[in-house]
Structures are given as structure tokens and as C-alpha cells.
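Structure file entry34.tsv (TSV, C-alpha atoms and all ligand atoms) is printed below.
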chain	number	residue	atom	x	y	z
J	1	MET	CA	-3.68	-98.49	4.13
J	2	SER	CA	-2.20	-95.07	4.79
J	3	GLY	CA	1.52	-94.68	4.25
J	4	ALA	CA	1.85	-98.14	2.75
J	5	VAL	CA	2.57	-97.18	-0.87
J	6	PRO	CA	5.23	-94.73	-2.07
J	7	THR	CA	3.47	-92.19	-4.32
J	8	ARG	CA	5.19	-90.86	-7.44
J	9	MET	CA	4.06	-87.91	-9.51
J	10	ILE	CA	4.91	-87.86	-13.23
J	11	GLY	CA	4.22	-85.31	-15.93
J	12	ALA	CA	2.54	-85.59	-19.30
J	13	GLY	CA	4.36	-87.33	-22.14
J	14	PRO	CA	4.47	-90.74	-23.77
J	15	ALA	CA	6.54	-92.37	-21.01
J	16	GLY	CA	4.16	-91.21	-18.29
J	17	ILE	CA	1.09	-92.35	-20.23
J	18	ALA	CA	2.63	-95.75	-20.95
J	19	GLU	CA	3.56	-96.29	-17.32
J	20	ALA	CA	0.13	-95.23	-16.10
J	21	ALA	CA	-1.58	-97.53	-18.62
J	22	ALA	CA	0.65	-100.44	-17.57
J	23	LEU	CA	-0.20	-99.90	-13.89
J	24	LEU	CA	-3.92	-99.87	-14.69
J	25	ALA	CA	-3.52	-103.13	-16.63
J	26	GLN	CA	-1.91	-104.68	-13.52
J	27	GLY	CA	-4.93	-103.74	-11.42
J	28	GLN	CA	-3.18	-100.79	-9.76
J	29	LEU	CA	-4.55	-97.31	-9.08
J	30	VAL	CA	-3.58	-94.20	-11.05
J	31	ALA	CA	-4.71	-90.63	-10.37
J	32	PHE	CA	-5.17	-88.57	-13.55
J	33	PRO	CA	-6.55	-85.19	-14.61
J	34	THR	CA	-9.89	-84.70	-16.34
J	35	GLU	CA	-11.46	-81.41	-17.41
J	36	THR	CA	-13.68	-81.49	-14.28
J	37	VAL	CA	-11.55	-82.72	-11.34
J	38	TYR	CA	-8.73	-85.24	-10.90
J	39	GLY	CA	-9.95	-88.85	-10.88
J	40	LEU	CA	-8.55	-91.92	-9.16
J	41	GLY	CA	-8.67	-94.64	-11.80
J	42	ALA	CA	-8.83	-98.42	-11.75
J	43	ASP	CA	-9.62	-101.07	-14.39
J	44	ALA	CA	-13.43	-101.19	-14.14
J	45	ARG	CA	-13.49	-104.90	-15.05
J	46	CYS	CA	-11.28	-105.91	-12.14
J	47	ASP	CA	-12.99	-106.49	-8.76
J	48	ARG	CA	-9.73	-106.32	-6.87
J	49	ALA	CA	-8.73	-103.01	-8.45
J	50	VAL	CA	-12.15	-101.47	-7.83
J	51	ALA	CA	-12.11	-102.66	-4.23
J	52	ALA	CA	-8.70	-100.99	-3.82
J	53	LEU	CA	-10.28	-97.70	-4.98
J	54	PHE	CA	-12.83	-97.80	-2.19
J	55	ALA	CA	-10.09	-98.60	0.31
J	56	ALA	CA	-7.80	-95.77	-0.88
J	57	LYS	CA	-10.64	-93.25	-0.55
J	58	ASP	CA	-12.12	-94.67	2.69
J	59	ARG	CA	-15.32	-94.57	0.68
J	60	PRO	CA	-18.60	-96.17	1.79
J	61	ARG	CA	-19.38	-99.15	-0.41
J	62	PHE	CA	-22.78	-97.96	-1.54
J	63	ASN	CA	-21.35	-95.20	-3.74
J	64	PRO	CA	-21.41	-96.35	-7.37
J	65	LEU	CA	-18.60	-95.14	-9.62
J	66	ILE	CA	-18.38	-93.39	-12.99
J	67	VAL	CA	-16.80	-95.48	-15.75
J	68	HIS	CA	-14.59	-93.39	-18.07
J	69	CYS	CA	-14.29	-94.40	-21.71
J	70	ALA	CA	-12.03	-93.29	-24.58
J	71	ASP	CA	-15.02	-92.70	-26.86
J	72	ALA	CA	-18.77	-93.24	-27.18
J	73	ALA	CA	-18.31	-96.58	-28.96
J	74	ALA	CA	-16.49	-97.93	-25.92
J	75	ALA	CA	-19.28	-96.68	-23.63
J	76	GLU	CA	-21.89	-98.40	-25.81
J	77	ARG	CA	-20.24	-101.74	-25.11
J	78	LEU	CA	-21.01	-101.24	-21.41
J	79	ALA	CA	-24.47	-99.66	-21.33
J	80	GLY	CA	-27.73	-99.61	-23.27
J	81	PHE	CA	-28.06	-96.32	-25.18
J	82	ASP	CA	-31.53	-95.17	-26.22
J	83	ALA	CA	-32.18	-92.32	-28.68
J	84	ARG	CA	-31.77	-89.67	-25.94
J	85	ALA	CA	-28.44	-91.10	-24.83
J	86	HIS	CA	-27.17	-91.37	-28.41
J	87	HIS	CA	-28.09	-87.77	-29.08
J	88	LEU	CA	-26.45	-86.41	-25.91
J	89	ALA	CA	-23.31	-88.46	-26.53
J	90	GLU	CA	-23.17	-87.11	-30.04
J	91	VAL	CA	-23.48	-83.44	-29.12
J	92	LEU	CA	-21.91	-83.26	-25.64
J	93	TRP	CA	-19.13	-85.90	-25.55
J	94	PRO	CA	-16.31	-85.63	-24.93
J	95	GLY	CA	-17.34	-83.37	-22.08
J	96	PRO	CA	-18.41	-82.95	-18.44
J	97	LEU	CA	-21.60	-85.03	-18.71
J	98	THR	CA	-22.15	-88.44	-17.08
J	99	LEU	CA	-25.02	-90.62	-18.26
J	100	VAL	CA	-26.61	-93.23	-15.98
J	101	LEU	CA	-27.88	-96.00	-18.24
J	102	PRO	CA	-28.95	-99.65	-18.01
J	103	ARG	CA	-25.86	-101.79	-17.58
J	104	ARG	CA	-25.41	-104.38	-20.34
J	105	PRO	CA	-25.41	-107.96	-19.07
J	106	ASP	CA	-22.29	-108.62	-21.16
J	107	SER	CA	-20.49	-105.42	-20.06
J	108	GLY	CA	-17.76	-107.35	-18.26
J	109	LEU	CA	-17.73	-104.66	-15.55
J	110	SER	CA	-16.97	-105.47	-11.95
J	111	LEU	CA	-20.21	-105.64	-9.98
J	112	LEU	CA	-18.64	-103.35	-7.40
J	113	VAL	CA	-18.62	-100.50	-9.95
J	114	SER	CA	-22.41	-100.17	-9.80
J	115	ALA	CA	-22.60	-100.97	-6.08
J	116	GLY	CA	-25.48	-103.37	-6.60
J	117	LEU	CA	-27.52	-101.22	-9.01
J	118	ASP	CA	-28.42	-102.56	-12.45
J	119	SER	CA	-27.38	-99.28	-14.04
J	120	VAL	CA	-23.96	-97.87	-14.83
J	121	ALA	CA	-22.67	-94.29	-15.07
J	122	VAL	CA	-20.49	-93.61	-18.12
J	123	ARG	CA	-18.65	-90.60	-19.43
J	124	VAL	CA	-16.05	-89.62	-22.07
J	125	PRO	CA	-13.83	-86.91	-20.57
J	126	ASP	CA	-12.55	-83.95	-22.59
J	127	GLN	CA	-8.95	-83.66	-21.44
J	128	PRO	CA	-5.99	-84.63	-23.65
J	129	LEU	CA	-4.07	-86.59	-20.99
J	130	ALA	CA	-7.19	-88.43	-19.85
J	131	ARG	CA	-8.06	-89.38	-23.40
J	132	GLN	CA	-4.53	-90.56	-24.17
J	133	LEU	CA	-4.52	-92.62	-20.98
J	134	LEU	CA	-7.91	-94.20	-21.72
J	135	ALA	CA	-6.84	-95.04	-25.27
J	136	ALA	CA	-3.54	-96.53	-24.09
J	137	ALA	CA	-5.13	-98.50	-21.24
J	138	GLY	CA	-7.66	-100.06	-23.61
J	139	CYS	CA	-10.04	-100.78	-20.72
J	140	PRO	CA	-12.95	-98.93	-19.12
J	141	VAL	CA	-11.62	-96.96	-16.15
J	142	ALA	CA	-13.68	-96.52	-12.99
J	143	ALA	CA	-12.72	-93.19	-11.46
J	144	PRO	CA	-14.20	-91.33	-8.52
J	145	SER	CA	-12.75	-87.94	-7.67
J	146	ALA	CA	-9.23	-88.42	-6.28
J	147	ASN	CA	-9.96	-87.24	-2.73
J	148	ARG	CA	-10.66	-89.08	0.48
J	149	SER	CA	-14.37	-89.68	0.95
J	150	GLY	CA	-16.40	-86.64	1.99
J	151	ARG	CA	-13.62	-84.14	1.23
J	152	ILE	CA	-13.17	-81.47	-1.43
J	153	SER	CA	-12.47	-82.78	-4.94
J	154	PRO	CA	-8.91	-82.09	-6.21
J	155	THR	CA	-8.40	-79.71	-9.12
J	156	SER	CA	-4.58	-79.92	-9.22
J	157	ALA	CA	-2.01	-82.71	-8.94
J	158	GLN	CA	-0.78	-81.13	-5.70
J	159	HIS	CA	-4.27	-81.47	-4.17
J	160	VAL	CA	-4.24	-85.17	-5.08
J	161	LEU	CA	-0.90	-85.60	-3.35
J	162	VAL	CA	-2.29	-83.97	-0.19
J	163	GLU	CA	-5.31	-86.30	-0.27
J	164	LEU	CA	-3.80	-89.61	-1.29
J	165	GLU	CA	-0.06	-89.64	-0.63
J	166	GLY	CA	0.93	-93.11	0.57
J	167	ARG	CA	-2.32	-94.59	-0.77
J	168	VAL	CA	-1.72	-94.66	-4.55
J	169	PRO	CA	1.41	-95.50	-6.54
J	170	LEU	CA	1.12	-92.90	-9.32
J	171	ILE	CA	-0.28	-89.44	-9.97
J	172	LEU	CA	-0.30	-88.27	-13.58
J	173	ALA	CA	0.19	-84.51	-13.34
J	174	GLY	CA	-1.60	-82.41	-15.94
J	175	GLY	CA	-2.04	-78.94	-14.53
J	176	ARG	CA	-5.23	-77.41	-13.23
J	177	CYS	CA	-8.66	-78.68	-14.23
J	178	ALA	CA	-10.40	-76.29	-16.63
J	179	VAL	CA	-13.96	-76.81	-15.35
J	180	GLY	CA	-13.21	-77.39	-11.67
J	181	LEU	CA	-16.57	-78.95	-10.70
J	182	GLU	CA	-17.54	-82.61	-11.02
J	183	SER	CA	-19.51	-83.63	-14.11
J	184	THR	CA	-23.25	-83.21	-14.51
J	185	VAL	CA	-24.92	-86.58	-13.75
J	186	LEU	CA	-28.08	-87.38	-15.74
J	187	ASP	CA	-30.14	-90.50	-15.07
J	188	LEU	CA	-31.66	-91.87	-18.28
J	189	THR	CA	-32.89	-95.20	-16.88
J	190	GLY	CA	-36.49	-93.98	-16.58
J	191	ALA	CA	-39.07	-92.46	-18.90
J	192	ARG	CA	-38.19	-88.94	-17.68
J	193	PRO	CA	-34.54	-87.88	-17.44
J	194	VAL	CA	-33.47	-86.93	-13.90
J	195	LEU	CA	-30.64	-84.51	-13.10
J	196	LEU	CA	-28.84	-86.30	-10.24
J	197	ARG	CA	-25.97	-83.80	-9.94
J	198	PRO	CA	-25.75	-80.29	-11.43
J	199	GLY	CA	-22.55	-79.43	-13.28
J	200	ALA	CA	-21.09	-77.50	-16.18
J	201	VAL	CA	-23.63	-78.97	-18.60
J	202	THR	CA	-26.68	-77.12	-17.31
J	203	ARG	CA	-30.27	-78.35	-17.04
J	204	GLU	CA	-31.25	-75.72	-19.63
J	205	ARG	CA	-28.71	-77.11	-22.09
J	206	LEU	CA	-29.94	-80.68	-21.54
J	207	GLU	CA	-33.57	-79.62	-21.95
J	208	ALA	CA	-32.71	-77.85	-25.22
J	209	GLU	CA	-31.38	-81.17	-26.50
J	210	ILE	CA	-33.84	-83.78	-25.13
J	211	GLY	CA	-36.82	-81.96	-23.59
J	212	PRO	CA	-37.93	-81.80	-19.93
J	213	VAL	CA	-35.43	-82.92	-17.27
J	214	ASP	CA	-36.67	-83.58	-13.71
J	215	LEU	CA	-34.89	-82.85	-10.45
J	216	PRO	CA	-34.53	-85.81	-8.04
J	217	ASP	CA	-37.57	-86.54	-5.90
J	218	GLY	CA	-36.07	-86.43	-2.41
J	219	ALA	CA	-39.09	-88.07	-0.80
J	220	ALA	CA	-38.85	-91.18	-2.97
J	221	ALA	CA	-35.15	-91.71	-2.36
J	222	ASP	CA	-34.14	-94.67	-0.22
J	223	PRO	CA	-31.42	-93.37	2.12
J	224	GLN	CA	-29.69	-96.77	2.20
J	225	THR	CA	-29.18	-96.91	-1.57
J	226	PRO	CA	-29.23	-93.29	-2.71
J	227	LYS	CA	-29.56	-92.83	-6.44
J	228	ALA	CA	-26.63	-90.44	-6.41
J	229	PRO	CA	-24.82	-90.48	-3.11
J	230	GLY	CA	-23.12	-87.27	-4.22
J	231	GLN	CA	-26.54	-85.91	-3.22
J	232	LEU	CA	-26.04	-86.90	0.41
J	233	ILE	CA	-26.29	-83.88	2.64
J	234	SER	CA	-22.78	-83.17	3.94
J	235	HIS	CA	-20.30	-83.66	1.13
J	236	TYR	CA	-17.38	-81.80	-0.39
J	237	ALA	CA	-16.62	-80.53	3.09
J	238	PRO	CA	-13.63	-78.50	4.25
J	239	VAL	CA	-12.60	-78.84	7.92
J	240	ALA	CA	-13.66	-75.26	8.72
J	241	ARG	CA	-17.36	-74.49	8.94
J	242	VAL	CA	-18.89	-72.78	5.90
J	243	ARG	CA	-21.39	-69.90	6.20
J	244	LEU	CA	-23.37	-68.95	3.09
J	245	HIS	CA	-24.90	-65.64	1.93
J	246	ALA	CA	-22.45	-63.80	4.16
J	247	GLY	CA	-22.33	-60.01	4.22
J	248	GLN	CA	-19.91	-59.10	7.01
J	249	VAL	CA	-16.94	-61.19	8.12
J	250	ALA	CA	-16.43	-61.93	11.84
J	251	PRO	CA	-13.01	-62.29	13.57
J	252	GLY	CA	-11.52	-65.72	12.89
J	253	GLU	CA	-13.50	-66.06	9.68
J	254	ALA	CA	-12.08	-66.19	6.16
J	255	LEU	CA	-13.95	-64.73	3.18
J	256	LEU	CA	-14.71	-66.37	-0.14
J	257	THR	CA	-16.25	-63.68	-2.29
J	258	PHE	CA	-17.45	-63.14	-5.86
J	259	GLY	CA	-17.58	-60.16	-8.19
J	260	PRO	CA	-16.37	-56.62	-7.51
J	261	ASP	CA	-15.42	-56.61	-3.82
J	262	LEU	CA	-12.72	-54.36	-2.41
J	263	ARG	CA	-11.95	-56.55	0.60
J	264	GLN	CA	-8.47	-58.08	0.41
J	265	GLY	CA	-6.02	-59.96	2.62
J	266	ALA	CA	-4.46	-63.30	3.42
J	267	ASP	CA	-7.84	-64.72	4.44
J	268	VAL	CA	-9.75	-63.43	1.42
J	269	ARG	CA	-10.18	-65.08	-1.97
J	270	ASN	CA	-12.26	-63.82	-4.90
J	271	LEU	CA	-13.77	-66.56	-7.09
J	272	SER	CA	-14.03	-64.09	-9.98
J	273	GLU	CA	-13.56	-60.35	-9.71
J	274	THR	CA	-15.32	-59.88	-13.05
J	275	GLY	CA	-18.29	-62.00	-11.97
J	276	ASP	CA	-17.53	-64.80	-14.44
J	277	LEU	CA	-19.23	-68.01	-13.22
J	278	GLY	CA	-16.94	-70.25	-15.31
J	279	GLU	CA	-13.88	-68.73	-13.67
J	280	ALA	CA	-15.58	-69.07	-10.27
J	281	ALA	CA	-16.27	-72.78	-10.82
J	282	ALA	CA	-12.66	-73.41	-11.86
J	283	ASN	CA	-11.40	-71.64	-8.71
J	284	LEU	CA	-13.96	-72.95	-6.19
J	285	PHE	CA	-12.31	-76.08	-4.77
J	286	ALA	CA	-8.74	-74.68	-4.85
J	287	MET	CA	-9.83	-71.54	-2.97
J	288	LEU	CA	-11.83	-73.54	-0.39
J	289	ARG	CA	-8.67	-75.57	0.21
J	290	ASP	CA	-6.54	-72.41	0.50
J	291	LEU	CA	-8.82	-70.95	3.15
J	292	ASP	CA	-9.28	-74.21	5.07
J	293	ARG	CA	-6.50	-73.63	7.62
J	294	PRO	CA	-6.40	-74.56	11.33
J	295	GLU	CA	-6.67	-70.92	12.51
J	296	ILE	CA	-9.80	-70.35	10.41
J	297	SER	CA	-12.97	-71.33	12.28
J	298	CYS	CA	-15.36	-70.57	9.46
J	299	ILE	CA	-15.34	-69.66	5.78
J	300	ALA	CA	-17.90	-66.93	5.03
J	301	VAL	CA	-19.13	-67.05	1.43
J	302	SER	CA	-20.67	-64.11	-0.44
J	303	PRO	CA	-23.82	-64.77	-2.48
J	304	ILE	CA	-23.31	-66.35	-5.92
J	305	PRO	CA	-25.99	-65.82	-8.61
J	306	ASP	CA	-28.16	-68.96	-8.82
J	307	GLU	CA	-28.19	-69.23	-12.61
J	308	GLY	CA	-26.38	-71.43	-15.16
J	309	LEU	CA	-23.12	-72.71	-13.69
J	310	GLY	CA	-23.95	-70.76	-10.52
J	311	ARG	CA	-26.46	-73.50	-9.63
J	312	ALA	CA	-23.74	-76.14	-9.65
J	313	ILE	CA	-21.48	-73.89	-7.57
J	314	ASN	CA	-24.26	-73.23	-5.04
J	315	ASP	CA	-25.06	-76.97	-4.91
J	316	ARG	CA	-21.47	-77.73	-3.85
J	317	LEU	CA	-21.41	-74.82	-1.39
J	318	ARG	CA	-24.68	-75.94	0.25
J	319	ARG	CA	-23.16	-79.39	0.81
J	320	ALA	CA	-19.99	-77.86	2.21
J	321	ALA	CA	-22.13	-75.79	4.61
J	322	ALA	CA	-24.51	-78.59	5.66
J	323	PRO	CA	-24.41	-79.92	9.24
J	324	ARG	CA	-21.81	-82.67	9.51
J	325	PRO	CA	-22.66	-86.16	10.75
J	326	GLU	CA	-20.56	-86.63	13.90
J	401	LIG	O1	-16.38	-85.11	-12.93
J	401	LIG	C1	-16.55	-86.24	-12.47
J	401	LIG	O2	-17.60	-86.87	-12.62
J	401	LIG	C2	-15.37	-86.86	-11.68
J	401	LIG	C3	-14.24	-87.12	-12.67
J	401	LIG	C4	-13.10	-87.88	-12.06
J	401	LIG	O3	-14.73	-87.76	-13.81
J	401	LIG	N1	-15.78	-88.05	-11.03
J	401	LIG	C5	-16.62	-88.03	-9.96
J	401	LIG	O4	-16.87	-89.28	-9.42
J	401	LIG	O5	-17.10	-87.03	-9.50
J	401	LIG	P1	-17.55	-89.50	-8.01
J	401	LIG	O6	-17.42	-90.96	-7.75
J	401	LIG	O7	-16.93	-88.61	-7.01
J	401	LIG	O8	-19.05	-89.16	-8.23
J	401	LIG	C6	-19.88	-90.06	-8.96
J	401	LIG	C7	-21.31	-89.63	-8.93
J	401	LIG	C8	-21.90	-89.86	-7.57
J	401	LIG	O9	-22.81	-88.80	-7.26
J	401	LIG	C9	-22.61	-91.18	-7.78
J	401	LIG	O10	-23.63	-91.39	-6.87
J	401	LIG	C10	-23.12	-91.05	-9.20
J	401	LIG	O11	-22.07	-90.40	-9.87
J	401	LIG	N2	-23.34	-92.37	-9.82
J	401	LIG	C11	-22.42	-93.23	-10.28
J	401	LIG	N3	-23.00	-94.37	-10.74
J	401	LIG	C12	-24.32	-94.21	-10.58
J	401	LIG	C13	-25.45	-95.03	-10.86
J	401	LIG	N4	-25.34	-96.25	-11.40
J	401	LIG	N5	-26.66	-94.55	-10.55
J	401	LIG	C14	-26.79	-93.30	-10.01
J	401	LIG	N6	-25.75	-92.48	-9.72
J	401	LIG	C15	-24.54	-92.93	-9.99
J	402	MG	MG	-16.39	-87.21	-5.37

Spit out the file's structure as C-alpha cells when you get a sec.
Amino acid sequence: MSGAVPTRMIGAGPAGIAEAAALLAQGQLVAFPTETVYGLGADARCDRAVAALFAAKDRPRFNPLIVHCADAAAAERLAGFDARAHHLAEVLWPGPLTLVLPRRPDSGLSLLVSAGLDSVAVRVPDQPLARQLLAAAGCPVAAPSANRSGRISPTSAQHVLVELEGRVPLILAGGRCAVGLESTVLDLTGARPVLLRPGAVTRERLEAEIGPVDLPDGAAADPQTPKAPGQLISHYAPVARVRLHAGQVAPGEALLTFGPDLRQGADVRNLSETGDLGEAAANLFAMLRDLDRPEISCIAVSPIPDEGLGRAINDRLRRAAAPRPE
């Protein structure tokens, strides 16, 4: 469906929100900012709209989607919340945390949203434009990151345009995403919580709230229906190769570095000169895009401390560096 739809970009403001909400109500797609990354939204109750999402992204069908809600009460109409889920929603929503919960039989959600699973992923984003849009739309909004499948998530409206021009009618422009990494995904369908995707809400923070949180058991995962396909090996990939824990930079390589580093130049980006992991996360995807140019064979990446938000950054970098299926 490339090139079929003229894509317009509009700024924040009541007219933009109203138009975006009206498009969603008609079963159309709208890209919008969240605090994590830009999402590509569709009415989560509408099979046709959700199917159009998969088509616009060239996304494999088995990837279930996150349903975005205006508030926790709206999420509770879609999923069964136990005491752990209630507590996390209370203390961490709105925010970059997605909860995988049992899907309510009366949720009214399109079956495509859960891709055949009997669970559903829900989150309440913490971004003013996103919240205004969700309130105005009055429906749950299924929204994967607004990139083509397997590519780097967009953290600016311009990135979305590069990814999806001609594939979506409207991009709501709301500046750069403050967090810059996709939300933490926590599976609460079992007795023990499982951290399916690391993000800005760290495992330590979750454990402080609800006790022990497990990491996914790779061996038990069925590769045909992965619990969190974001966990598939090669993901978030630039076109250039990515080399981790780099010291020296070879000819033809670009450098993505972190912390005090005197190296400079057109092919060098520093995620955070002061060594701030929050700043590094917010810059990660935009800098990978900057360095991903045809003349660059490989992006060398300096070591990033594997603590707190650094774990989520390293998770994304490992996927970007993983061997590609070809
Ligand atoms: O920050 C974010 O979460 C962004 C913004 C737009 O909200 N969205 C996002 O969506 O990253 P997406 O579709 O790119 O990633 C969704 C993740 C995937 O890893 C998917 O496998 C997992 O959530 N997921 C969704 N529903 C699930 C379910 N029922 N069970 C297990 N994992 C699920
Ligand atoms: Mg994604």
C-alpha cells in the first residue's frame, strides 16, 4: 500500500486533536506522540482498522498490539485487573509501563489486537497530546510504534514521516519523545510477574512495588507465538551493521559513544556527554537514525553501563546488533 495515501502532518491544538479523533472514529490510522515513542493508532474495536495497521507497518500478524487508554478506568473495562495490576496502575500510570492482563470476554476488542492470545496489553500514556487524543476519541486505541516492522522506533514526527509517508493519512506532530524507548512490558497473567520488555520503568522499581519479577524463560517460549515478539532476536535494526562494546573505530564506521569522549566529527554522536542514562535513552533512536547512512558500513557503539535504564538501552542495542534473518 505504499504511496497510496497522501500523508498530512498537523501540530498540536484543538483542531488537530478533533481531526485526529474523527479519523480514528472512521476506522482510519493516525500517528501520534507518546512519552516513549510515536505510535500508529487505530480504533482497537475495529477489525478493519487494526488490519490496516498491520498492513501499513508490513508487520507479521503474530505480533499482538498495545491498547492505549485515556485512564485506568478505561483499561479496566478491557482487562481483568488483580491486586498487583491495580497497585501498579495506581502508582505508575500514566507512564511508560504496559501491563499484559487477561482479556475480558466483554472487552469489545478486535480479536486481531491480541493476535490469538487470550490476554491483552494495556497502557495509559503520559503525554499531553496522547491523552487529549485518547479522551477525544473515546475508544481504546491500538498503537504499535509508528515504524515499518523491524525498523527503529520513531521519536520525532519527522521520523514517522520517513517511515510511513504514503501509508497513513495523518501524523499528529508533538515534538520529540521525552523517554525515547518503548514502554516496559510486564506480564501479569501468571502467578509470577514476567518482565517481557525492559524500559524506563525498571525491574527494580517494579520489584519495590509488587515483589519478585522474573525474566522471560527463553527455553519455554514457542517461537511461533512468542510471548513478546519484541523479544525476537533481530529487531529495532538500522540498515548499517551495529558493533557493540567498541573501543577503536575502523574506516567506514560511525561511532555512537557515551560519557566523556573527546572524539568528534560528522560520523560521531554522543548519547550523553555527562553520562546521563535518561538523556542517552531519549537520544538513542534519533542518533542511530542519524548515523544510518549509505556510506556507513557499521555503527560502532561504546559500552553503556548495564544498570537502571542502561539495561533497556543495551537490550535495544543487542537487538540492533543481532544477526539479521536474510
Ligand atoms: O512505548 C510503547 O509501548 C509504544 C508506544 C506507541 O506506546 N508501543 C510499542 O508497541 O512499542 P509495539 O507494538 O511496537 O510493541 C508491543 C510489545 C511487543 O513486544 C508485543 O509483543 C508486546 O508488546 N505485547 C502486546 N500484547 C501482548 C500480549 N497480549 N502478550 C504479550 N506481549 C504482548
Ligand atoms: Mg515496535

Compare J:Ile299, J:Pro305, J:Pro140, J:Ala85 by their minimum atom-to-atom distance to Ala42 of chain J, counting all atoms listed in the file, and give me the closest one. J:Pro140

Taking all atoms listed in the file into account, which residues have an atom no farther than 8 Å from ligand LIG 401 (chain J)? I'd like them as a PyMOL selection string. chain J and resi 33-40+63-66+68+96-98+100-101+113-115+117-123+125+143-146+153+181-185+187+196-197+226-231

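Minimum atom-to-atom distances from J:Arg8, J:Arg318, J:Arg84, J:Arg48 to Val168 of chain J were compared using only C-alpha atoms, and the lowest value belongs to J:Arg8.
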
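Within the 10 Å cut-off around Asp292 of chain J, using only C-alpha atoms and omitting residues fewer than 4 positions from it on the same chain, the listed residues are Ala237, Pro238, Val239, Ala240, Arg241, Val242, Ala254, Asp267, Ala286, Met287, Leu288, Ile296, Ser297, Cys298 and Ile299 of chain J.
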
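Straight-line separation from atom CA of Arg205 of chain J to atom CA of Val179 of chain J: 16.2 Å.
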
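Each of J:Val162, J:Ala137, J:Ala142, J:Ile152 was compared to ligand MG 402 (chain J) using only C-alpha atoms and all ligand atoms, and J:Ile152 turns out to be the nearest.
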
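Residues in contact range of Leu112 of chain J, defined as at most 7 Å between all atoms listed in the file, with sequence neighbours fewer than 4 positions away removed, read Asp47, Val50 and Gly116 of chain J.
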
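For the atom pair formed by atom CA of Ala246 of chain J and atom CA of Gly308 of chain J, the distance is 21.1 Å, given to one decimal.
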
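You will find atom CA of Gly150 of chain J at 8.1 Å from atom CA of Arg59 of chain J.
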
Taking only C-alpha atoms and all ligand atoms into account, name the residue in J:Gly174, J:Asn147, J:Ala266, J:Ala135 that is nearest to ligand MG 402 (chain J). J:Asn147

Which residues are near segment 70-80 of chain J? Cut-off 6 Å, only C-alpha atoms, ignore same chain within fewer than 2 positions. Put them as a ChimeraX atom specification. /J:101-104,107,124,131,134-135

Give the answer as one residue: which of J:Val201, J:Cys46, J:Pro154, J:Ala178 has the shortest atom-to-atom distance to Leu99 of chain J, using all atoms listed in the file? J:Val201

Residues within 10 Å of Ile304 of chain J, please, as a PDB file with C-alpha atoms, keeping the file's coordinate frame. Count all atoms listed in the file; anything in the same chain fewer than 2 positions from it doesn't count.
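The resulting file, out-v3.pdb, is shown below:
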ATOM      1  CA  LEU J 244     -23.370 -68.950   3.090  1.00  0.00           C
ATOM      2  CA  HIS J 245     -24.900 -65.640   1.930  1.00  0.00           C
ATOM      3  CA  THR J 257     -16.250 -63.680  -2.290  1.00  0.00           C
ATOM      4  CA  PHE J 258     -17.450 -63.140  -5.860  1.00  0.00           C
ATOM      5  CA  GLY J 259     -17.580 -60.160  -8.190  1.00  0.00           C
ATOM      6  CA  LEU J 271     -13.770 -66.560  -7.090  1.00  0.00           C
ATOM      7  CA  GLY J 275     -18.290 -62.000 -11.970  1.00  0.00           C
ATOM      8  CA  LEU J 277     -19.230 -68.010 -13.220  1.00  0.00           C
ATOM      9  CA  ALA J 280     -15.580 -69.070 -10.270  1.00  0.00           C
ATOM     10  CA  VAL J 301     -19.130 -67.050   1.430  1.00  0.00           C
ATOM     11  CA  SER J 302     -20.670 -64.110  -0.440  1.00  0.00           C
ATOM     12  CA  ASP J 306     -28.160 -68.960  -8.820  1.00  0.00           C
ATOM     13  CA  GLU J 307     -28.190 -69.230 -12.610  1.00  0.00           C
ATOM     14  CA  GLY J 310     -23.950 -70.760 -10.520  1.00  0.00           C
ATOM     15  CA  ARG J 311     -26.460 -73.500  -9.630  1.00  0.00           C
ATOM     16  CA  ILE J 313     -21.480 -73.890  -7.570  1.00  0.00           C
ATOM     17  CA  ASN J 314     -24.260 -73.230  -5.040  1.00  0.00           C
ATOM     18  CA  LEU J 317     -21.410 -74.820  -1.390  1.00  0.00           C
TER      19      LEU J 317
END

Residue nearest ligand MG 402 (chain J) among J:Arg289, J:His86, J:Arg316, J:Arg269 (counting only C-alpha atoms and all ligand atoms): J:Arg316
